[in-house]
$ cat start-v1.cif   # mmCIF, C-alpha atoms
data_input
#
loop_
_atom_site.label_atom_id
_atom_site.label_comp_id
_atom_site.auth_asym_id
_atom_site.auth_seq_id
_atom_site.Cartn_x
_atom_site.Cartn_y
_atom_site.Cartn_z
CA MET F 892 -19.20 -2.22 -7.81
CA ALA F 893 -16.97 -4.02 -5.33
CA LEU F 894 -15.55 -2.09 -2.38
CA LYS F 895 -13.32 -3.50 0.40
CA LEU F 896 -11.40 -2.03 3.31
CA VAL F 897 -8.11 -3.87 3.86
CA PRO F 898 -5.61 -3.44 6.73
CA TYR F 899 -2.22 -2.36 5.38
CA LEU F 900 0.85 -2.74 7.59
CA VAL F 901 3.81 -0.48 6.80
CA MET F 902 7.08 -1.79 8.18
CA ASP F 903 10.54 -0.26 8.49
CA GLY F 904 12.62 -2.69 6.46
CA ASN F 905 11.37 -5.85 8.18
CA ALA F 906 8.24 -6.61 6.13
CA LYS F 907 9.66 -9.95 4.91
CA GLU F 908 10.17 -11.02 8.53
CA ALA F 909 6.66 -9.84 9.48
CA ILE F 910 5.12 -11.70 6.54
CA LEU F 911 6.79 -14.96 7.62
CA PHE F 912 5.67 -14.36 11.21
CA TYR F 913 2.03 -13.73 10.27
CA GLU F 914 2.00 -16.62 7.79
CA LYS F 915 2.88 -18.93 10.65
CA ALA F 916 0.79 -17.22 13.35
CA PHE F 917 -2.39 -17.10 11.25
CA GLY F 918 -1.83 -20.08 8.95
CA ALA F 919 -1.97 -17.51 6.14
CA ASN F 920 -1.00 -17.88 2.49
CA LEU F 921 1.27 -15.43 0.68
CA LEU F 922 -0.59 -14.32 -2.45
CA TYR F 923 1.85 -11.72 -3.78
CA GLN F 924 5.15 -10.08 -2.94
CA GLN F 925 7.25 -7.57 -4.89
CA THR F 926 10.36 -5.71 -3.78
CA PHE F 927 11.21 -2.16 -4.80
CA GLY F 928 14.02 -3.67 -6.87
CA GLU F 929 11.53 -5.79 -8.84
CA MET F 930 9.39 -2.80 -9.81
CA PRO F 931 9.81 -1.25 -13.26
CA GLU F 932 12.22 1.68 -13.33
CA ASN F 933 10.68 5.11 -13.68
CA PRO F 934 12.75 7.52 -15.81
CA ASP F 935 11.19 10.47 -13.94
CA PHE F 936 12.90 9.43 -10.71
CA PRO F 937 16.57 8.90 -9.76
CA PRO F 938 17.94 5.34 -9.76
CA LEU F 939 16.85 3.16 -6.87
CA PRO F 940 19.36 3.12 -3.97
CA GLU F 941 20.82 -0.29 -3.11
CA ALA F 942 19.32 -0.04 0.40
CA ALA F 943 15.81 -0.06 -1.12
CA LYS F 944 16.07 -2.92 -3.59
CA GLU F 945 15.28 -5.76 -1.18
CA ARG F 946 12.60 -3.90 0.77
CA VAL F 947 9.02 -4.99 0.14
CA ALA F 948 7.11 -2.56 -2.08
CA HIS F 949 3.87 -4.54 -1.77
CA ALA F 950 2.76 -7.91 -0.48
CA MET F 951 -0.54 -9.58 0.31
CA LEU F 952 -1.42 -12.42 2.66
CA LYS F 953 -4.73 -14.27 2.68
CA VAL F 954 -5.77 -14.76 6.30
CA GLY F 955 -8.91 -16.86 6.24
CA GLU F 956 -11.31 -14.76 4.16
CA THR F 957 -9.40 -11.51 4.78
CA ASP F 958 -6.56 -9.86 2.88
CA LEU F 959 -3.68 -8.35 4.84
CA MET F 960 -1.32 -6.07 2.90
CA PHE F 961 2.28 -5.09 3.67
CA SER F 962 5.05 -2.83 2.51
CA ASP F 963 8.28 -1.40 3.84
CA THR F 964 8.95 2.30 3.99
CA PHE F 965 11.33 3.59 1.36
CA PRO F 966 14.75 4.27 2.93
CA GLY F 967 14.70 7.72 4.50
CA GLN F 968 10.91 7.88 4.88
CA PRO F 969 9.79 8.47 8.45
CA HIS F 970 8.45 5.45 10.30
CA LYS F 971 7.04 5.56 13.78
CA THR F 972 5.78 2.51 15.61
CA GLY F 973 2.09 3.05 16.10
CA ASN F 974 1.32 4.71 12.78
CA GLN F 975 2.30 1.81 10.56
CA VAL F 976 -1.27 0.60 10.04
CA THR F 977 -3.26 2.17 7.23
CA ILE F 978 -6.56 1.24 5.62
CA CYS F 979 -6.47 0.27 1.97
CA ILE F 980 -9.76 0.97 0.23
CA SER F 981 -9.96 -1.35 -2.73
CA SER F 982 -12.43 -0.63 -5.53
CA ASP F 983 -12.95 -1.93 -9.03
CA ASP F 984 -14.31 1.42 -10.25
CA PRO F 985 -11.88 4.31 -10.94
CA THR F 986 -14.71 6.86 -10.74
CA ARG F 987 -15.69 5.64 -7.28
CA SER F 988 -12.03 5.65 -6.23
CA ARG F 989 -11.78 9.32 -7.29
CA GLU F 990 -14.96 10.20 -5.36
CA ILE F 991 -13.68 8.53 -2.19
CA PHE F 992 -10.23 10.12 -2.54
CA GLU F 993 -11.74 13.60 -3.01
CA ALA F 994 -14.05 13.15 -0.02
CA LEU F 995 -11.23 11.98 2.27
CA GLN F 996 -8.85 14.77 1.27
CA GLN F 997 -11.23 17.50 2.49
CA ASP F 998 -9.41 19.14 5.41
CA GLY F 999 -6.85 16.31 5.17
CA THR F 1000 -3.41 15.87 3.61
CA VAL F 1001 -2.63 14.23 0.28
CA ASN F 1002 0.55 12.13 0.52
CA MET F 1003 0.29 10.89 -3.08
CA GLU F 1004 -2.15 12.22 -5.65
CA LEU F 1005 -4.58 9.69 -7.09
CA GLN F 1006 -2.88 8.59 -10.30
CA GLU F 1007 -2.24 5.73 -12.67
CA THR F 1008 0.63 3.49 -11.58
CA HIS F 1009 2.15 0.30 -12.97
CA PHE F 1010 -0.07 -1.69 -10.57
CA SER F 1011 -3.33 0.28 -10.58
CA PRO F 1012 -5.30 2.57 -12.90
CA ALA F 1013 -6.01 4.87 -9.93
CA TYR F 1014 -3.93 4.79 -6.73
CA GLY F 1015 -3.28 7.46 -4.11
CA ILE F 1016 -2.62 8.02 -0.42
CA VAL F 1017 -4.47 10.51 1.75
CA VAL F 1018 -4.53 11.25 5.49
CA ASP F 1019 -8.01 12.40 6.46
CA LYS F 1020 -8.81 15.24 8.87
CA PHE F 1021 -8.80 12.75 11.76
CA GLY F 1022 -5.23 11.60 11.02
CA VAL F 1023 -6.26 8.23 9.53
CA CYS F 1024 -4.15 7.21 6.53
CA PHE F 1025 -6.00 5.66 3.59
CA GLN F 1026 -4.54 4.11 0.47
CA ILE F 1027 -7.02 4.21 -2.40
CA TYR F 1028 -6.37 1.27 -4.70
CA THR F 1029 -8.30 0.56 -7.89
CA GLU F 1030 -8.20 -3.02 -9.06
CA GLY F 1031 -7.35 -3.72 -12.67
CA LYS F 1032 -4.43 -3.29 -14.97
CA SER F 1033 -3.17 0.17 -15.71
#
$ encode --input "start-v1.cif" --output "structure tokens"
Amino acid sequence: MALKLVPYLVMDGNAKEAILFYEKAFGANLLYQQTFGEMPENPDFPPLPEAAKERVAHAMLKVGETDLMFSDTFPGQPHKTGNQVTICISSDDPTRSREIFEALQQDGTVNMELQETHFSPAYGIVVDKFGVCFQIYTEGKS
């Protein structure tokens, strides 16, 4: 089983600018970038507001041997400088992802239940009892 902890920077509408900055500063390579507007529509949610379409939903830079992930907040979500760094725990085992998610949510707060998404068979967001935000990401197609 592979398990990685990856820094995840959450920006407030300027992720594209930050990605370009870090590409240059670190000599990094952009591996992936998708805007909210490029994501598949979900019939369970209202249509995407125009203000969200060009914001980055997910991006990944390769910095040497390390991955660095990015996204923008969705318009209207709170963003406070200082709390924009989360830890993404990446696993290739959905069972292990569930175990980690359940352990971290004890006395913590679930921001997004661990669930299948269009980009992961098991993805969720939890803030542990120490106030550290973790994104649990399971590799593989959902």
$ atom_distance --input "start-v1.cif" --atom1 "CA of Ile978 in chain F" --atom2 "CA of Ala942 in chain F"
26.4 Å
$ resolve_selection --input "start-v1.cif" --expression "the PyMOL selection byres ((chain F and resi 955-965) around 9)" --output "MDAnalysis selection string"
chainID F and resid 897:907 909:910 917:920 924 926:927 942:943 946:954 966:970 979
$ closest_atom_pairs --input "start-v1.cif" --of "range 901-1012 of chain F" --to "range 1020-1023 of chain F" --cutoff "10 Å" --atoms "only C-alpha atoms" --output "CSV"
residue,atom,partner,partner_atom,distance
F:Asn974,CA,F:Val1023,CA,9.0
F:Val976,CA,F:Val1023,CA,9.1
F:Thr977,CA,F:Val1023,CA,7.1
F:Ile978,CA,F:Val1023,CA,8.0
F:Leu995,CA,F:Lys1020,CA,7.7
F:Gln996,CA,F:Lys1020,CA,7.6
F:Gln997,CA,F:Lys1020,CA,7.2
F:Asp998,CA,F:Lys1020,CA,5.2
F:Gly999,CA,F:Lys1020,CA,4.3
F:Thr1000,CA,F:Lys1020,CA,7.6
$ atom_distance --input "start-v1.cif" --atom1 "CA of Ile1016 in chain F" --atom2 "CA of Glu908 in chain F"
24.6 Å
$ closest_residue --input "start-v1.cif" --among "F:Asn1002, F:Thr1008, F:Ser982, F:Gln975" --to "Tyr1028 in chain F" --atoms "only C-alpha atoms"
F:Ser982
$ residues_near_point --input "start-v1.cif" --point "(1.7, -2.2, -12.7)" --cutoff "10 Å" --atoms "only C-alpha atoms" --output "PyMOL selection string"
chain F and resi 930-931+1007-1012+1031-1033
$ write_last_selection --input "start-v1.cif" --atoms "C-alpha atoms" --output "PDB file, in the frame of the given file"
ATOM      1  CA  MET F 930       9.390  -2.800  -9.810  1.00  0.00           C
ATOM      2  CA  PRO F 931       9.810  -1.250 -13.260  1.00  0.00           C
ATOM      3  CA  GLU F1007      -2.240   5.730 -12.670  1.00  0.00           C
ATOM      4  CA  THR F1008       0.630   3.490 -11.580  1.00  0.00           C
ATOM      5  CA  HIS F1009       2.150   0.300 -12.970  1.00  0.00           C
ATOM      6  CA  PHE F1010      -0.070  -1.690 -10.570  1.00  0.00           C
ATOM      7  CA  SER F1011      -3.330   0.280 -10.580  1.00  0.00           C
ATOM      8  CA  PRO F1012      -5.300   2.570 -12.900  1.00  0.00           C
ATOM      9  CA  GLY F1031      -7.350  -3.720 -12.670  1.00  0.00           C
ATOM     10  CA  LYS F1032      -4.430  -3.290 -14.970  1.00  0.00           C
ATOM     11  CA  SER F1033      -3.170   0.170 -15.710  1.00  0.00           C
TER      12      SER F1033
END
$ residues_around --input "start-v1.cif" --residues "Glu993 in chain F" --least-positions-apart "6" --cutoff "10 Å" --atoms "only C-alpha atoms" --output "list in words"
Arg987, Gly999, Val1001, Leu1005 and Val1017 of chain F
$ atom_distance --input "start-v1.cif" --atom1 "CA of Leu896 in chain F" --atom2 "CA of Asp983 in chain F"
12.4 Å
